[in-house]
Amino acid sequence: MADPLTYDFYGGDADSTKDPHAFLRAARERGPVYREPRSGVFMVLGHEEVTQVARDADRFSSFNASSGPLSGFCPAPSHDVRAALKAHRQRHPEQDLPPVCLDMPEHRRSRTLCSKLFTPSRVVEHEPRIAKVADALMDRIAPTSGCEWVTEFAHPMTFTVVAELYGVPQTDQGVFMEKISRMLRRRAASGLGAGQNASDPQRTWSPVSPSPEELEWNTAEMQRCVEFFVRHLEERRAHPRDDLMGDFALTADRDTGELPPIGEIAKTAAVIFGGGQEVTPAHMFGSAMQILVDRPALQQELRDNSGLLENFVEEVLRFEPSLKTMHRIALSDTEVGGMEIPAGSVVALSWAAANRDPSYWTNPDEFDVHREEWRGTRTFGNGPHACPGAPLARLMGRVGFERILARTHKLRHAKGAGPVEYVPSFLSRVLRRLPIEWDWA
């Protein structure tokens, strides 16, 4: 067997894509911080160290949270990193669009808005809607006793739930879903987020940014999504309605007490909408179903004791987090886990490694639905950039699988389905396809 440390983590090679945990485990055995030799990225792998950096917004910028070493920001060693980053942001304002990439104080404004909308008490009000969506999708699939799970359930489930909570009219949902899907297909085809070169998918990792054409296309598509939300947010301010879009439109800024500009809110709404139906919930449904079809006894245990479903969702999130890594830029010379990290370095926070750190978890590489260490799960991040939509993702998982398990028996891989494959990405853990079959209850 090949040494996992030879896997090209940032190049999206087959071995790393199939089993990133082998690479992360081998790297963590070298220490809680490991410098990946091809990219030079400082990978933070220990649970304690990941938590430390995630909470330290003063010494680590989130500008490259989703782009990692592909952000294009490469300050000279002698430069003031903060000043160089400020200048780079002024030249590339489109890279600050996702709120996850903002630093204080800009991030605080979007965070405050989101935290009010996704409290556990407010989210739980939507449980009946989530159950209704899950049942409707199962009804649609009913004649076949099987489906391609990723495209026929996971993505439609999460998109429909979030669209309905936002209040996106049904007449717009199909068009908007196709718009987002087109962006995702093009990104996957180009290799963005996988560390590959679009013209040569076999090329080893090199620190290059997406092409100007690709950035222009992505920026234009995102702007069209923002314009969609501007239209609906303006309508909500004029005619309030009881949905998340209405809450976005009418929530005042905590510091000023005034309603923020519609354009600013629309950017936040568009990104959260995309993340809410794509990044974690959809991928969580894929990973959870794969775990279930591989473990028939677990299926029956959950059917016999539905009270374990909350634990099941938490263990899925720990065991196969949808986001493997998020990134930071060191703003000054610093030290983490005994490793010196120079100013300007790219730092990776590995949620996947933290979630399986044996210094924190008992038998971390085992899937254990009876585990009790839930508070340490880092799948949704930690600190000021922790995902505000976590309560909604957890509720979707619990309610969705409650309905699925109640209506089925013997969930299994479809005959002739072939081996499970993942999209090559250093960010996400994303199943390409998962054909499954079942018997109806």
# chains A, B, ... in the order shown; residues from 1 in each chain; ligands from 1
$ residues_around --residues "A:Ile141" --least-positions-apart "5" --cutoff "12 Å" --atoms "only C-alpha atoms" --output "PyMOL selection string"
chain A and resi 134-136+146-149+151-153+404+407+436-438+440
$ write_last_selection --atoms "all heavy atoms" --output "tab-separated table (two decimals), in the first residue's frame"
chain	number	residue	atom	x	y	z
A	134	ALA	N	-39.76	15.81	2.42
A	134	ALA	CA	-39.18	14.47	2.34
A	134	ALA	C	-40.21	13.47	1.84
A	134	ALA	O	-39.91	12.62	0.98
A	134	ALA	CB	-38.65	14.05	3.71
A	135	ASP	N	-41.44	13.53	2.35
A	135	ASP	CA	-42.49	12.61	1.91
A	135	ASP	C	-42.82	12.82	0.44
A	135	ASP	O	-43.04	11.85	-0.30
A	135	ASP	CB	-43.74	12.79	2.77
A	135	ASP	CG	-43.65	12.04	4.09
A	135	ASP	OD1	-43.00	10.98	4.13
A	135	ASP	OD2	-44.24	12.49	5.09
A	136	ALA	N	-42.87	14.07	0.00
A	136	ALA	CA	-43.20	14.35	-1.39
A	136	ALA	C	-42.14	13.77	-2.33
A	136	ALA	O	-42.46	13.21	-3.39
A	136	ALA	CB	-43.33	15.85	-1.61
A	146	GLY	N	-36.25	2.66	-5.85
A	146	GLY	CA	-34.83	2.95	-5.91
A	146	GLY	C	-34.60	4.27	-6.63
A	146	GLY	O	-35.51	4.82	-7.25
A	147	CYS	N	-33.38	4.79	-6.54
A	147	CYS	CA	-33.08	6.05	-7.21
A	147	CYS	C	-31.57	6.28	-7.21
A	147	CYS	O	-30.82	5.54	-6.57
A	147	CYS	CB	-33.78	7.22	-6.51
A	147	CYS	SG	-33.12	7.60	-4.85
A	148	GLU	N	-31.15	7.30	-7.93
A	148	GLU	CA	-29.79	7.80	-7.80
A	148	GLU	C	-29.88	8.85	-6.70
A	148	GLU	O	-30.37	9.96	-6.92
A	148	GLU	CB	-29.28	8.40	-9.11
A	148	GLU	CG	-27.77	8.57	-9.17
A	148	GLU	CD	-27.26	9.61	-8.18
A	148	GLU	OE1	-27.51	10.79	-8.40
A	148	GLU	OE2	-26.63	9.23	-7.16
A	149	TRP	N	-29.45	8.49	-5.52
A	149	TRP	CA	-29.75	9.22	-4.30
A	149	TRP	C	-29.29	10.68	-4.32
A	149	TRP	O	-29.99	11.58	-3.85
A	149	TRP	CB	-29.12	8.49	-3.11
A	149	TRP	CG	-29.35	9.14	-1.80
A	149	TRP	CD1	-28.45	9.81	-1.03
A	149	TRP	CD2	-30.58	9.16	-1.07
A	149	TRP	NE1	-29.03	10.25	0.13
A	149	TRP	CE2	-30.35	9.86	0.13
A	149	TRP	CE3	-31.86	8.65	-1.32
A	149	TRP	CZ2	-31.34	10.08	1.08
A	149	TRP	CZ3	-32.85	8.86	-0.37
A	149	TRP	CH2	-32.59	9.57	0.80
A	151	THR	N	-28.72	12.92	-6.81
A	151	THR	CA	-29.42	13.88	-7.67
A	151	THR	C	-30.93	13.82	-7.52
A	151	THR	O	-31.62	14.81	-7.79
A	151	THR	CB	-29.07	13.66	-9.14
A	151	THR	OG1	-29.37	12.30	-9.50
A	151	THR	CG2	-27.59	13.92	-9.38
A	152	GLU	N	-31.48	12.66	-7.11
A	152	GLU	CA	-32.93	12.52	-7.05
A	152	GLU	C	-33.51	12.77	-5.67
A	152	GLU	O	-34.72	12.96	-5.54
A	152	GLU	CB	-33.34	11.13	-7.54
A	152	GLU	CG	-33.05	10.90	-9.02
A	152	GLU	CD	-33.57	9.56	-9.51
A	152	GLU	OE1	-34.76	9.28	-9.29
A	152	GLU	OE2	-32.77	8.80	-10.09
A	153	PHE	N	-32.65	12.77	-4.64
A	153	PHE	CA	-33.18	13.09	-3.31
A	153	PHE	C	-32.34	14.15	-2.59
A	153	PHE	O	-32.88	15.17	-2.17
A	153	PHE	CB	-33.28	11.84	-2.43
A	153	PHE	CG	-34.01	12.11	-1.14
A	153	PHE	CD1	-35.36	11.87	-1.05
A	153	PHE	CD2	-33.35	12.64	-0.03
A	153	PHE	CE1	-36.06	12.15	0.13
A	153	PHE	CE2	-34.03	12.93	1.15
A	153	PHE	CZ	-35.39	12.68	1.22
A	404	ILE	N	-37.59	8.71	5.89
A	404	ILE	CA	-37.04	7.69	4.97
A	404	ILE	C	-37.07	6.30	5.63
A	404	ILE	O	-37.54	5.33	5.05
A	404	ILE	CB	-35.60	8.06	4.56
A	404	ILE	CG1	-35.61	9.32	3.70
A	404	ILE	CG2	-34.93	6.90	3.82
A	404	ILE	CD1	-34.28	10.04	3.68
A	407	ARG	N	-40.45	4.60	6.05
A	407	ARG	CA	-41.16	4.16	4.84
A	407	ARG	C	-40.43	3.07	4.06
A	407	ARG	O	-40.93	2.61	3.03
A	407	ARG	CB	-41.39	5.37	3.93
A	407	ARG	CG	-42.24	6.46	4.57
A	407	ARG	CD	-42.54	7.58	3.61
A	407	ARG	NE	-43.28	7.11	2.45
A	407	ARG	CZ	-43.69	7.90	1.45
A	407	ARG	NH1	-43.43	9.19	1.49
A	407	ARG	NH2	-44.34	7.40	0.42
A	436	ILE	N	-29.16	3.53	-5.21
A	436	ILE	CA	-29.60	2.65	-4.13
A	436	ILE	C	-30.95	2.03	-4.46
A	436	ILE	O	-31.66	2.49	-5.37
A	436	ILE	CB	-29.70	3.40	-2.79
A	436	ILE	CG1	-30.77	4.51	-2.88
A	436	ILE	CG2	-28.36	3.97	-2.37
A	436	ILE	CD1	-31.12	5.13	-1.54
A	437	GLU	N	-31.29	0.98	-3.71
A	437	GLU	CA	-32.58	0.31	-3.82
A	437	GLU	C	-33.11	0.06	-2.42
A	437	GLU	O	-32.36	0.14	-1.43
A	437	GLU	CB	-32.43	-1.02	-4.55
A	437	GLU	CG	-31.92	-0.92	-5.95
A	437	GLU	CD	-31.61	-2.29	-6.58
A	437	GLU	OE1	-31.54	-3.28	-5.80
A	437	GLU	OE2	-31.42	-2.34	-7.79
A	438	TRP	N	-34.40	-0.24	-2.31
A	438	TRP	CA	-34.99	-0.57	-1.02
A	438	TRP	C	-36.30	-1.33	-1.23
A	438	TRP	O	-36.83	-1.40	-2.33
A	438	TRP	CB	-35.26	0.70	-0.21
A	438	TRP	CG	-36.19	1.67	-0.90
A	438	TRP	CD1	-37.55	1.61	-0.97
A	438	TRP	CD2	-35.80	2.85	-1.62
A	438	TRP	NE1	-38.06	2.68	-1.68
A	438	TRP	CE2	-36.98	3.46	-2.10
A	438	TRP	CE3	-34.58	3.47	-1.90
A	438	TRP	CZ2	-36.98	4.63	-2.85
A	438	TRP	CZ3	-34.59	4.63	-2.63
A	438	TRP	CH2	-35.76	5.21	-3.10
A	440	TRP	N	-40.28	-1.30	0.18
A	440	TRP	CA	-41.20	-0.38	0.86
A	440	TRP	C	-41.71	-1.01	2.14
A	440	TRP	O	-41.98	-2.21	2.20
A	440	TRP	CB	-42.36	0.02	-0.04
A	440	TRP	CG	-41.94	0.93	-1.15
A	440	TRP	CD1	-41.78	0.61	-2.46
A	440	TRP	CD2	-41.59	2.32	-1.04
A	440	TRP	NE1	-41.36	1.70	-3.19
A	440	TRP	CE2	-41.23	2.77	-2.34
A	440	TRP	CE3	-41.54	3.22	0.02
A	440	TRP	CZ2	-40.86	4.07	-2.60
A	440	TRP	CZ3	-41.16	4.53	-0.24
A	440	TRP	CH2	-40.82	4.94	-1.53
$ residues_around --residues "A:Arg433" --least-positions-apart "6" --cutoff "12 Å" --atoms "only C-alpha atoms" --output "ChimeraX atom specification"
/A:147-155,283,285-287,289-290,413-414,417-423
$ closest_residue --among "A:Arg403, A:Ala220, A:Leu349, A:Arg394" --to "A:Arg55" --atoms "only C-alpha atoms"
A:Leu349
$ closest_residue --among "A:Ala249, A:Leu165, A:Ala22, A:Ala288" --to "A:Val430" --atoms "only C-alpha atoms"
A:Ala288
$ select_by_dssp --residues "stretch 258-417 of chain A" --states "strand (DSSP E or B)" --output "MDAnalysis selection string"
chainID A and resid 323 325:330 334:336 339:341 346:350 408:413
$ closest_atom_pairs --of "stretch 262-305 of chain A" --to "stretch 355-374 of chain A" --cutoff "10 Å" --atoms "only C-alpha atoms" --output "tab-separated table"
residue	atom	partner	partner_atom	distance
A:Ile291	CA	A:Phe367	CA	8.7
A:Leu298	CA	A:Val369	CA	8.5
A:Glu301	CA	A:Val369	CA	9.7
A:Leu302	CA	A:Val369	CA	9.3
$ select_by_dssp --residues "stretch 366-423 of chain A" --states "helix (DSSP H, G or I)" --output "mmCIF file with C-alpha atoms, in the first residue's frame"
data_model
loop_
_atom_site.group_PDB
_atom_site.id
_atom_site.type_symbol
_atom_site.label_atom_id
_atom_site.label_comp_id
_atom_site.auth_asym_id
_atom_site.auth_seq_id
_atom_site.Cartn_x
_atom_site.Cartn_y
_atom_site.Cartn_z
ATOM 1 C CA TRP A 374 -20.799 15.645 20.456
ATOM 2 C CA ARG A 375 -19.759 19.095 21.615
ATOM 3 C CA GLY A 376 -16.365 18.750 19.973
ATOM 4 C CA GLY A 383 -15.453 30.743 16.631
ATOM 5 C CA PRO A 384 -16.721 33.842 14.801
ATOM 6 C CA HIS A 385 -17.062 32.028 11.451
ATOM 7 C CA ALA A 390 -26.030 24.403 11.593
ATOM 8 C CA PRO A 391 -29.383 24.040 13.446
ATOM 9 C CA LEU A 392 -31.256 23.867 10.134
ATOM 10 C CA ALA A 393 -28.855 21.267 8.677
ATOM 11 C CA ARG A 394 -29.184 19.091 11.766
ATOM 12 C CA LEU A 395 -32.978 19.322 11.724
ATOM 13 C CA MET A 396 -33.135 18.467 8.028
ATOM 14 C CA GLY A 397 -31.015 15.388 8.626
ATOM 15 C CA ARG A 398 -33.020 14.125 11.591
ATOM 16 C CA VAL A 399 -36.459 14.705 10.082
ATOM 17 C CA GLY A 400 -35.457 13.560 6.606
ATOM 18 C CA PHE A 401 -34.077 10.214 7.750
ATOM 19 C CA GLU A 402 -36.932 9.726 10.180
ATOM 20 C CA ARG A 403 -39.327 9.786 7.204
ATOM 21 C CA ILE A 404 -37.044 7.687 4.974
ATOM 22 C CA LEU A 405 -36.520 4.928 7.537
ATOM 23 C CA ALA A 406 -40.202 4.864 8.460
ATOM 24 C CA ARG A 407 -41.161 4.159 4.841
#
$ residues_around --residues "A:Val161" --least-positions-apart "4" --cutoff "7 Å" --atoms "only C-alpha atoms" --output "JSON list (two decimals) with C-alpha atoms, in the first residue's frame"
[["chain", "number", "residue", "atom", "x", "y", "z"],
["A", 130, "ILE", "CA", -39.24, 19.47, 6.18],
["A", 133, "VAL", "CA", -40.82, 17.81, 1.51],
["A", 157, "MET", "CA", -34.49, 17.83, -0.66],
["A", 165, "LEU", "CA", -38.11, 28.65, 4.09]]
$ atom_distance --atom1 "atom CA of A:Thr119" --atom2 "atom CA of A:Ala238"
25.4 Å
$ residues_around --residues "A:Asp56" --least-positions-apart "5" --cutoff "12 Å" --atoms "only C-alpha atoms" --output "list of chain:residue names"
A:Glu49, A:Val50, A:Thr51, A:Ser61, A:Ser62, A:Asp103, A:Met104, A:Arg328, A:Ile329, A:Ala330, A:Leu331, A:Thr334, A:Val336, A:Leu349, A:Asn382, A:Gly383, A:Pro384, A:His385
$ atom_distance --atom1 "atom CA of A:Val271" --atom2 "atom CA of A:Val100"
9.2 Å
